[in-house]
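Colleague: Structure file model22.txt (compact mmCIF, C-alpha atoms) right here:
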```
# COMPACT_ATOMS: atom_id res chain seq x y z
CA MET M 1 -78.02 -27.89 103.73
CA PHE M 2 -80.98 -26.00 102.33
CA THR M 3 -82.64 -24.89 99.11
CA LEU M 4 -84.32 -21.64 98.16
CA ARG M 5 -87.48 -21.08 96.13
CA PHE M 6 -88.68 -17.78 94.72
CA ASP M 7 -92.09 -17.28 93.08
CA MET M 8 -92.00 -13.49 93.44
CA ARG M 9 -95.68 -13.15 94.32
CA ALA M 10 -96.42 -9.58 95.39
CA PRO M 11 -100.07 -9.19 96.39
CA ALA M 12 -101.28 -5.59 96.56
CA TRP M 13 -101.27 -5.60 100.37
CA ALA M 14 -97.64 -6.82 100.58
CA GLY M 15 -94.36 -5.03 99.94
CA PRO M 16 -93.22 -3.42 96.67
CA ALA M 17 -92.24 -5.92 93.98
CA ALA M 18 -88.96 -4.09 93.31
CA ASP M 19 -87.87 -4.69 96.92
CA LEU M 20 -88.70 -8.38 96.62
CA TYR M 21 -86.65 -8.84 93.45
CA ALA M 22 -83.67 -7.06 94.95
CA ALA M 23 -83.95 -9.20 98.08
CA ALA M 24 -84.16 -12.47 96.12
CA ILE M 25 -80.88 -11.70 94.35
CA GLU M 26 -79.19 -10.63 97.58
CA MET M 27 -80.48 -13.69 99.44
CA CYS M 28 -79.02 -16.02 96.83
CA ALA M 29 -75.62 -14.31 96.99
CA TRP M 30 -75.64 -14.53 100.79
CA ALA M 31 -77.02 -18.07 100.98
CA GLU M 32 -74.50 -19.72 98.68
CA THR M 33 -71.81 -18.88 101.23
CA ARG M 34 -73.90 -20.57 103.97
CA GLY M 35 -74.58 -23.93 102.39
CA ALA M 36 -77.44 -23.30 99.96
CA LEU M 37 -77.63 -26.08 97.40
CA LEU M 38 -80.07 -24.73 94.87
CA ALA M 39 -82.34 -21.81 93.99
CA VAL M 40 -85.63 -22.74 92.28
CA LEU M 41 -87.55 -20.23 90.15
CA SER M 42 -91.02 -20.79 88.74
CA GLU M 43 -92.80 -19.38 85.69
CA HIS M 44 -96.41 -18.20 85.42
CA HIS M 45 -98.19 -15.59 83.34
CA GLY M 46 -101.10 -13.23 83.85
CA ALA M 47 -101.29 -13.77 87.62
CA GLU M 48 -102.91 -10.99 89.65
CA ASP M 49 -100.12 -11.04 92.24
CA GLY M 50 -97.27 -10.87 89.72
CA HIS M 51 -96.24 -14.54 90.02
CA LEU M 52 -92.86 -14.63 88.26
CA PRO M 53 -93.32 -14.49 84.46
CA ALA M 54 -89.64 -14.14 83.43
CA PRO M 55 -87.50 -16.66 85.34
CA LEU M 56 -84.61 -16.60 82.86
CA THR M 57 -84.18 -12.88 83.49
CA LEU M 58 -84.12 -13.36 87.25
CA ALA M 59 -81.83 -16.39 86.87
CA ALA M 60 -79.36 -14.23 84.91
CA ALA M 61 -79.30 -11.65 87.70
CA ILE M 62 -78.77 -14.35 90.33
CA ALA M 63 -76.07 -16.06 88.28
CA ALA M 64 -74.23 -12.76 87.94
CA ARG M 65 -74.14 -12.34 91.73
CA THR M 66 -73.13 -15.93 92.57
CA ARG M 67 -70.32 -18.30 91.71
CA ASP M 68 -71.42 -21.82 92.62
CA LEU M 69 -75.15 -21.81 93.39
CA ALA M 70 -77.16 -24.15 91.15
CA ILE M 71 -80.36 -22.68 89.69
CA LEU M 72 -83.39 -24.68 88.56
CA LEU M 73 -86.23 -23.21 86.52
CA ALA M 74 -89.31 -25.27 87.31
CA ALA M 75 -91.43 -25.47 85.50
CA VAL M 76 -90.99 -23.69 82.19
CA PRO M 77 -94.23 -24.04 80.14
CA ILE M 78 -92.60 -24.63 76.77
CA PRO M 79 -95.76 -24.35 74.62
CA LEU M 80 -95.76 -20.65 75.53
CA TRP M 81 -92.24 -20.18 74.15
CA ASP M 82 -90.89 -19.94 70.63
CA PRO M 83 -88.23 -22.69 70.68
CA VAL M 84 -85.65 -20.64 68.76
CA ARG M 85 -85.98 -17.70 71.14
CA LEU M 86 -85.91 -20.05 74.14
CA ALA M 87 -82.74 -21.72 72.83
CA GLU M 88 -81.05 -18.32 72.48
CA GLU M 89 -82.04 -17.31 76.02
CA MET M 90 -80.88 -20.66 77.41
CA SER M 91 -77.54 -20.49 75.58
CA VAL M 92 -76.69 -17.00 76.82
CA LEU M 93 -77.81 -17.87 80.35
CA ASP M 94 -75.64 -21.00 80.23
CA LEU M 95 -72.66 -18.82 79.36
CA ILE M 96 -73.42 -16.28 82.10
CA SER M 97 -73.84 -19.00 84.73
CA ARG M 98 -71.10 -21.30 83.37
CA GLY M 99 -73.55 -24.18 83.20
CA ARG M 100 -75.27 -23.77 86.58
CA VAL M 101 -78.84 -23.37 85.30
CA SER M 102 -81.06 -26.40 84.63
CA TYR M 103 -84.64 -26.67 83.45
CA ALA M 104 -87.79 -28.60 84.21
CA PHE M 105 -90.11 -28.28 81.23
CA GLY M 106 -93.87 -28.59 81.51
CA VAL M 107 -96.97 -27.83 79.48
CA GLY M 108 -98.66 -25.55 82.02
CA HIS M 109 -102.01 -26.05 83.68
CA ARG M 110 -103.56 -22.57 83.71
CA ARG M 111 -105.79 -21.50 80.84
CA GLU M 112 -105.04 -17.88 81.80
CA GLY M 113 -101.43 -18.34 80.71
CA TYR M 114 -102.48 -19.55 77.28
CA ASP M 115 -105.04 -16.77 76.91
CA HIS M 116 -102.31 -14.30 77.87
CA PHE M 117 -100.37 -15.25 74.72
CA GLY M 118 -103.36 -16.02 72.51
CA ILE M 119 -102.46 -19.71 72.23
CA ASP M 120 -105.03 -22.50 72.04
CA MET M 121 -104.49 -24.60 75.17
CA THR M 122 -105.72 -27.75 73.42
CA THR M 123 -102.58 -27.66 71.24
CA ARG M 124 -100.16 -27.69 74.18
CA GLY M 125 -99.09 -31.32 73.82
CA ARG M 126 -98.32 -30.96 70.13
CA LEU M 127 -96.48 -27.67 70.71
CA ALA M 128 -94.42 -29.20 73.53
CA ASP M 129 -93.33 -32.10 71.32
CA GLU M 130 -92.52 -29.75 68.45
CA THR M 131 -90.32 -27.68 70.76
CA LEU M 132 -88.57 -30.60 72.40
CA ALA M 133 -87.73 -32.10 69.01
CA VAL M 134 -85.50 -29.11 68.17
CA LEU M 135 -84.54 -27.49 71.48
CA GLY M 136 -81.71 -29.86 72.39
CA PRO M 137 -79.95 -29.59 69.03
CA LEU M 138 -80.45 -25.82 68.98
CA VAL M 139 -78.72 -25.21 72.32
CA ARG M 140 -75.89 -27.46 71.16
CA GLY M 141 -75.36 -25.18 68.17
CA GLU M 142 -76.66 -27.65 65.59
CA ALA M 143 -78.63 -26.65 62.51
CA VAL M 144 -82.23 -27.88 62.57
CA GLN M 145 -85.25 -27.78 60.30
CA TYR M 146 -88.06 -25.89 61.97
CA ARG M 147 -91.31 -24.92 60.30
CA GLY M 148 -89.81 -25.03 56.84
CA ARG M 149 -86.59 -23.17 57.52
CA THR M 150 -83.05 -24.02 58.62
CA VAL M 151 -82.15 -22.50 61.97
CA ARG M 152 -78.92 -22.47 63.97
CA VAL M 153 -78.56 -20.65 67.29
CA THR M 154 -75.44 -18.72 68.24
CA PRO M 155 -73.59 -18.45 70.49
CA ARG M 156 -73.34 -22.06 71.61
CA CYS M 157 -73.90 -22.63 75.27
CA ALA M 158 -71.00 -23.47 77.58
CA SER M 159 -72.29 -26.95 78.50
CA PRO M 160 -71.13 -29.41 75.80
CA ASP M 161 -74.43 -31.32 75.74
CA GLY M 162 -76.60 -28.36 76.60
CA PRO M 163 -78.10 -27.45 80.00
CA MET M 164 -79.55 -30.25 82.08
CA ALA M 165 -83.25 -30.64 81.29
CA LEU M 166 -86.10 -32.63 82.79
CA ILE M 167 -89.82 -32.94 82.24
CA ALA M 168 -92.13 -31.86 85.05
CA GLY M 169 -95.64 -33.24 85.38
CA GLY M 170 -97.75 -35.80 87.13
CA SER M 171 -99.31 -37.71 84.23
CA ARG M 172 -98.47 -40.60 81.94
CA ALA M 173 -98.29 -38.10 79.09
CA ALA M 174 -95.51 -36.23 80.90
CA ALA M 175 -93.69 -39.48 81.69
CA ARG M 176 -94.04 -40.57 78.06
CA ARG M 177 -92.64 -37.25 76.86
CA ALA M 178 -89.66 -37.52 79.21
CA GLY M 179 -88.98 -41.05 78.03
CA ARG M 180 -89.29 -40.17 74.35
CA TYR M 181 -86.68 -37.43 74.57
CA GLY M 182 -84.40 -39.12 77.12
CA LEU M 183 -84.92 -36.51 79.82
CA GLY M 184 -85.23 -36.82 83.59
CA PHE M 185 -88.65 -36.72 85.19
CA ILE M 186 -90.00 -34.69 88.11
CA SER M 187 -93.47 -35.80 89.15
CA GLN M 188 -95.83 -33.68 91.25
CA THR M 189 -97.85 -36.77 92.12
CA ALA M 190 -97.06 -40.14 93.64
CA SER M 191 -99.21 -42.08 91.16
CA PRO M 192 -98.59 -45.85 91.43
CA GLY M 193 -96.64 -47.27 88.52
CA LEU M 194 -95.68 -43.88 87.05
CA GLN M 195 -91.95 -44.32 87.64
CA GLU M 196 -91.99 -47.76 86.07
CA TYR M 197 -93.92 -46.39 83.10
CA TYR M 198 -91.36 -43.59 82.68
CA GLU M 199 -88.46 -46.02 82.79
CA ALA M 200 -90.16 -48.29 80.23
CA GLN M 201 -90.74 -45.34 77.92
CA CYS M 202 -87.08 -44.35 78.17
CA ARG M 203 -85.91 -47.82 77.17
CA ALA M 204 -88.52 -48.10 74.41
CA HIS M 205 -86.97 -45.00 72.81
CA GLY M 206 -83.37 -46.13 73.27
CA HIS M 207 -82.53 -44.10 76.38
CA GLU M 208 -81.39 -45.03 79.85
CA PRO M 209 -83.74 -43.59 82.52
CA GLY M 210 -82.56 -40.28 83.88
CA ILE M 211 -83.00 -38.45 87.16
CA VAL M 212 -86.39 -39.02 88.76
CA GLN M 213 -88.06 -37.21 91.63
CA PHE M 214 -91.36 -38.09 93.24
CA PRO M 215 -93.02 -36.38 96.22
CA GLU M 216 -92.40 -37.93 99.60
CA PRO M 217 -95.35 -38.20 102.00
CA SER M 218 -95.34 -35.64 104.82
CA VAL M 219 -92.32 -33.75 103.46
CA PRO M 220 -92.90 -29.95 103.54
CA THR M 221 -92.25 -27.74 100.54
CA ALA M 222 -92.05 -24.33 102.27
CA VAL M 223 -90.17 -24.11 105.57
CA PHE M 224 -89.35 -21.21 107.88
CA VAL M 225 -87.26 -21.31 111.04
CA GLY M 226 -87.90 -19.16 114.11
CA ASP M 227 -87.83 -19.83 117.83
CA ASP M 228 -91.15 -18.14 118.68
CA ILE M 229 -93.51 -20.29 116.63
CA ASP M 230 -96.68 -18.46 117.66
CA ALA M 231 -95.19 -15.09 116.71
CA ALA M 232 -93.91 -16.53 113.43
CA TRP M 233 -97.35 -17.78 112.44
CA ARG M 234 -98.84 -14.38 113.27
CA GLU M 235 -96.25 -12.61 111.12
CA LEU M 236 -95.96 -15.06 108.26
CA GLY M 237 -99.35 -16.77 108.29
CA PRO M 238 -101.23 -14.33 105.99
CA HIS M 239 -98.45 -14.59 103.39
CA LEU M 240 -98.32 -18.37 103.55
CA LEU M 241 -102.09 -18.56 103.28
CA HIS M 242 -102.06 -16.29 100.22
CA ASP M 243 -99.49 -18.55 98.58
CA ALA M 244 -101.49 -21.66 99.49
CA ARG M 245 -104.82 -20.29 98.31
CA THR M 246 -103.41 -19.01 95.04
CA ALA M 247 -101.63 -22.28 94.28
CA ALA M 248 -104.84 -24.19 95.02
CA SER M 249 -106.83 -21.85 92.76
CA TYR M 250 -104.58 -22.88 89.86
CA ARG M 251 -105.76 -26.49 90.30
CA THR M 252 -109.38 -26.29 91.39
CA GLN M 253 -110.26 -29.82 90.27
CA ASP M 254 -106.88 -31.48 90.76
CA HIS M 255 -106.29 -32.97 94.21
CA SER M 256 -103.34 -35.17 93.24
CA VAL M 257 -100.51 -32.64 93.58
CA ALA M 258 -98.65 -33.22 96.84
CA SER M 259 -97.70 -29.58 97.43
CA ILE M 260 -101.29 -28.29 97.22
CA THR M 261 -103.33 -27.72 100.37
CA ARG M 262 -106.99 -26.73 100.63
CA ALA M 263 -106.58 -25.06 104.03
CA ASP M 264 -108.81 -21.98 104.21
CA SER M 265 -107.31 -20.18 107.19
CA VAL M 266 -103.96 -19.61 108.86
CA ALA M 267 -105.05 -21.80 111.78
CA ALA M 268 -105.97 -24.64 109.41
CA LEU M 269 -102.71 -24.27 107.53
CA ARG M 270 -100.77 -24.53 110.78
CA GLU M 271 -102.85 -27.37 112.18
CA GLU M 272 -102.55 -29.68 109.18
CA GLY M 273 -98.73 -29.77 109.29
CA GLY M 274 -98.67 -30.08 105.51
CA PRO M 275 -96.59 -28.32 102.86
CA TYR M 276 -96.12 -25.13 104.92
CA ARG M 277 -94.15 -25.52 108.17
CA ILE M 278 -92.46 -23.29 110.72
CA PHE M 279 -89.73 -25.10 112.68
CA THR M 280 -87.84 -24.12 115.78
CA SER M 281 -84.06 -24.02 115.36
CA ASP M 282 -83.75 -27.42 117.08
CA GLU M 283 -86.45 -28.94 114.88
CA ALA M 284 -84.75 -27.60 111.77
CA THR M 285 -81.38 -28.98 112.87
CA ASP M 286 -82.93 -32.39 113.50
CA TYR M 287 -84.63 -32.27 110.11
CA VAL M 288 -81.31 -31.70 108.34
CA ARG M 289 -79.64 -34.38 110.45
CA GLY M 290 -82.28 -36.74 109.09
CA GLY M 291 -80.88 -36.23 105.61
CA HIS M 292 -83.38 -33.67 104.32
CA PRO M 293 -82.38 -30.22 103.02
CA LEU M 294 -84.58 -27.43 104.35
CA PRO M 295 -86.85 -26.26 101.49
CA LEU M 296 -86.90 -22.54 102.23
CA HIS M 297 -89.32 -20.09 100.59
CA PRO M 298 -88.01 -16.83 102.07
CA LEU M 299 -90.29 -14.31 100.31
CA CYS M 300 -93.37 -16.54 100.19
CA GLY M 301 -96.54 -14.60 99.44
CA GLY M 302 -94.71 -11.27 99.31
CA ILE M 303 -93.09 -11.33 102.77
CA ALA M 304 -91.26 -8.05 103.24
CA PRO M 305 -87.47 -8.49 103.07
CA ASP M 306 -86.89 -6.97 106.53
CA LEU M 307 -89.22 -9.59 107.97
CA ALA M 308 -87.86 -12.42 105.82
CA TRP M 309 -84.15 -12.05 106.53
CA PRO M 310 -84.13 -13.17 110.21
CA TYR M 311 -86.02 -16.36 109.31
CA LEU M 312 -83.52 -17.10 106.55
CA GLU M 313 -80.61 -16.48 108.92
CA HIS M 314 -82.15 -18.80 111.54
CA ALA M 315 -82.56 -21.52 108.92
CA ALA M 316 -78.99 -21.22 107.66
CA ALA M 317 -77.64 -21.37 111.20
CA ALA M 318 -79.71 -24.47 112.00
CA ALA M 319 -78.49 -26.20 108.85
CA ALA M 320 -74.88 -25.27 109.66
CA ARG M 321 -75.20 -26.81 113.13
CA ALA M 322 -76.50 -30.04 111.65
CA ASN M 323 -73.71 -30.21 109.08
CA ALA M 324 -71.04 -29.49 111.72
CA GLU M 325 -71.97 -32.52 113.83
```
Is it possible to express this structure as structure tokens?

Modeller:
Amino acid sequence: MFTLRFDMRAPAWAGPAADLYAAAIEMCAWAETRGALLAVLSEHHGAEDGHLPAPLTLAAAIAARTRDLAILLAAVPIPLWDPVRLAEEMSVLDLISRGRVSYAFGVGHRREGYDHFGIDMTTRGRLADETLAVLGPLVRGEAVQYRGRTVRVTPRCASPDGPMALIAGGSRAAARRAGRYGLGFISQTASPGLQEYYEAQCRAHGHEPGIVQFPEPSVPTAVFVGDDIDAAWRELGPHLLHDARTAASYRTQDHSVASITRADSVAALREEGGPYRIFTSDEATDYVRGGHPLPLHPLCGGIAPDLAWPYLEHAAAAAARANAE
């Protein structure tokens, strides 16, 4: 029982990006036969290390190589998308995957992404609402009025009600948006009262609350499994630290996101026992026995595939042992 996450960061000192993309697709095909529950892909733009800008393209490649693996795109910054084009991409991807791809929509938090597309970041809330008002009907093949014209997207997606969609964010604005459009809610923060506010907003707009997910204290978000922990930290540490530092640089003034660490060295990252963890096989098995899927991040920070594969194999074996007992 484990999940996979791919951000596709490829810093200049790490391996070639082409090798990482090939490995991500191969890892998903291999992992779905070993108990993988889900592959999560992110979306960012204009990042120096190539942080994945085209998750729907990668999702299509993964879907073509797998049969059952669920795929979540989280989070898709919808103000950066034209809703008609996004609906077309989503519909075709739904057909390719036979309904296995779901979406967490956000508004984005990096000004660089908005500058990349020449969009005024202060308009992101309005643009998100404008998109959400038409996106659902569009992927269901309905005709909608959008910016003074009638639009209908073909082909219709395979899922009768459209792909599963949620709102990702950690604010009341995000919760309000999820409630208004009757979508599930993934929060990056554990703000008191936010779930209750989301549920109230759902009911105020005539919807039953959907799926909700809030961060759990002390639960890691990037796990590796290897029996020589010291050697693993030596091999993987620089990559994990790059990932941690880059993620933190996206939110310089925001300390509320549970998956962000401010560790400034590999030693500090290891010592804090926070979002980044390296387990022994026994620790990983016990973790799964406790009811938690292992959140694997196999190519974190541009880890070379030859180095990444043994850690993935260790993790899958540990999860299999837990599930067999």

Colleague: Quote the spacing between CA of Thr3 in chain M and CA of Arg321 in chain M in Å to one decimal place.

Modeller: 16.0 Å

Colleague: Using all atoms listed in the file, can you tell me which of M:Gly46, M:Gly226, M:Gly169, M:Gly141 comes closest to Thr285 in chain M?

Modeller: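 Of M:Gly46, M:Gly226, M:Gly169, M:Gly141, the one nearest Thr285 in chain M is M:Gly226, counting all atoms listed in the file.
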
Colleague: Find the residue from M:Leu166, M:Leu241, M:Ala10, M:Leu138 that sits nearest to Gly50 in chain M; use all atoms listed in the file when measuring.

Modeller: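 Checking each candidate against Gly50 in chain M, we get M:Ala10 as the closest.
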
Colleague: Might I get the box with edges along x, y and z of the file that holds all atoms of range 247-250 of chain M listed there, padded by 8 Å on every side, given as centre and edge lengths in Å to one decimal, as JSON?

Modeller:
```
{"center_x": -104.2, "center_y": -23.0, "center_z": 92.4, "size_x": 21.2, "size_y": 18.3, "size_z": 21.2}
```

Colleague: For range 69-80 of chain M, please output as number ranges by chain all residues within 6 Å (counting all atoms listed in the file; exclusion window: fewer than 4 positions along the same chain).

Modeller: M: 32, 38-43, 100-108, 124, 127-128

Colleague: Return the single residue from M:Arg34, M:Arg262, M:Arg9, M:Arg140 that is closest to Glu313 in chain M, with distances computed using all atoms listed in the file.

Modeller: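 Nearest candidate to Glu313 in chain M out of M:Arg34, M:Arg262, M:Arg9, M:Arg140: M:Arg34.
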
Colleague: Just how far from CA of Leu296 in chain M is CA of Ala222 in chain M, in Å to one decimal?

Modeller: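 Spanning CA of Ala222 in chain M to CA of Leu296 in chain M is a straight-line distance of 5.5 Å.
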
Colleague: May I have the protein, DNA and RNA residues with any atom at most 12 Å from the point (-88.4, -13.0, 104.6), counting all atoms listed in the file, written as number ranges by chain?

Modeller: M: 4-6, 8, 14-15, 19-20, 23-24, 26-27, 223-226, 232, 235-236, 239-240, 296-315

Colleague: Atoms to include: C-alpha atoms. Write the selected residues as a PDB file, in the coordinates of the input.

Modeller:
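Writing done, so here's part.pdb:
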```
ATOM      1  CA  LEU M   4     -84.320 -21.640  98.160  1.00  0.00           C
ATOM      2  CA  ARG M   5     -87.480 -21.080  96.130  1.00  0.00           C
ATOM      3  CA  PHE M   6     -88.680 -17.780  94.720  1.00  0.00           C
ATOM      4  CA  MET M   8     -92.000 -13.490  93.440  1.00  0.00           C
ATOM      5  CA  ALA M  14     -97.640  -6.820 100.580  1.00  0.00           C
ATOM      6  CA  GLY M  15     -94.360  -5.030  99.940  1.00  0.00           C
ATOM      7  CA  ASP M  19     -87.870  -4.690  96.920  1.00  0.00           C
ATOM      8  CA  LEU M  20     -88.700  -8.380  96.620  1.00  0.00           C
ATOM      9  CA  ALA M  23     -83.950  -9.200  98.080  1.00  0.00           C
ATOM     10  CA  ALA M  24     -84.160 -12.470  96.120  1.00  0.00           C
ATOM     11  CA  GLU M  26     -79.190 -10.630  97.580  1.00  0.00           C
ATOM     12  CA  MET M  27     -80.480 -13.690  99.440  1.00  0.00           C
ATOM     13  CA  VAL M 223     -90.170 -24.110 105.570  1.00  0.00           C
ATOM     14  CA  PHE M 224     -89.350 -21.210 107.880  1.00  0.00           C
ATOM     15  CA  VAL M 225     -87.260 -21.310 111.040  1.00  0.00           C
ATOM     16  CA  GLY M 226     -87.900 -19.160 114.110  1.00  0.00           C
ATOM     17  CA  ALA M 232     -93.910 -16.530 113.430  1.00  0.00           C
ATOM     18  CA  GLU M 235     -96.250 -12.610 111.120  1.00  0.00           C
ATOM     19  CA  LEU M 236     -95.960 -15.060 108.260  1.00  0.00           C
ATOM     20  CA  HIS M 239     -98.450 -14.590 103.390  1.00  0.00           C
ATOM     21  CA  LEU M 240     -98.320 -18.370 103.550  1.00  0.00           C
ATOM     22  CA  LEU M 296     -86.900 -22.540 102.230  1.00  0.00           C
ATOM     23  CA  HIS M 297     -89.320 -20.090 100.590  1.00  0.00           C
ATOM     24  CA  PRO M 298     -88.010 -16.830 102.070  1.00  0.00           C
ATOM     25  CA  LEU M 299     -90.290 -14.310 100.310  1.00  0.00           C
ATOM     26  CA  CYS M 300     -93.370 -16.540 100.190  1.00  0.00           C
ATOM     27  CA  GLY M 301     -96.540 -14.600  99.440  1.00  0.00           C
ATOM     28  CA  GLY M 302     -94.710 -11.270  99.310  1.00  0.00           C
ATOM     29  CA  ILE M 303     -93.090 -11.330 102.770  1.00  0.00           C
ATOM     30  CA  ALA M 304     -91.260  -8.050 103.240  1.00  0.00           C
ATOM     31  CA  PRO M 305     -87.470  -8.490 103.070  1.00  0.00           C
ATOM     32  CA  ASP M 306     -86.890  -6.970 106.530  1.00  0.00           C
ATOM     33  CA  LEU M 307     -89.220  -9.590 107.970  1.00  0.00           C
ATOM     34  CA  ALA M 308     -87.860 -12.420 105.820  1.00  0.00           C
ATOM     35  CA  TRP M 309     -84.150 -12.050 106.530  1.00  0.00           C
ATOM     36  CA  PRO M 310     -84.130 -13.170 110.210  1.00  0.00           C
ATOM     37  CA  TYR M 311     -86.020 -16.360 109.310  1.00  0.00           C
ATOM     38  CA  LEU M 312     -83.520 -17.100 106.550  1.00  0.00           C
ATOM     39  CA  GLU M 313     -80.610 -16.480 108.920  1.00  0.00           C
ATOM     40  CA  HIS M 314     -82.150 -18.800 111.540  1.00  0.00           C
ATOM     41  CA  ALA M 315     -82.560 -21.520 108.920  1.00  0.00           C
TER      42      ALA M 315
END
```

Colleague: One decimal, in Å: what's the spacing between CA of Tyr146 in chain M and CA of Val134 in chain M?

Modeller: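 Interatomic distance here is 7.4 Å.
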
Colleague: Choose the residue, out of M:Leu95, M:Leu135, M:Ala143, M:Ala17, that has the smallest atom-to-atom separation from Leu52 in chain M; count all atoms listed in the file.

Modeller: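 Nearest to Leu52 in chain M: M:Ala17.
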
Colleague: Using all atoms listed in the file, which residue out of M:Val151, M:Pro163, M:Pro220, M:Thr131 lies closest to Tyr181 in chain M?

Modeller: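 Nearest candidate to Tyr181 in chain M out of M:Val151, M:Pro163, M:Pro220, M:Thr131: M:Thr131.
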
Colleague: Excluding same-chain residues fewer than 6 positions from Ile186 in chain M, what lies within 6 Å of it counting only C-alpha atoms, as a PyMOL selection string?

Modeller: chain M and resi 168+212-213
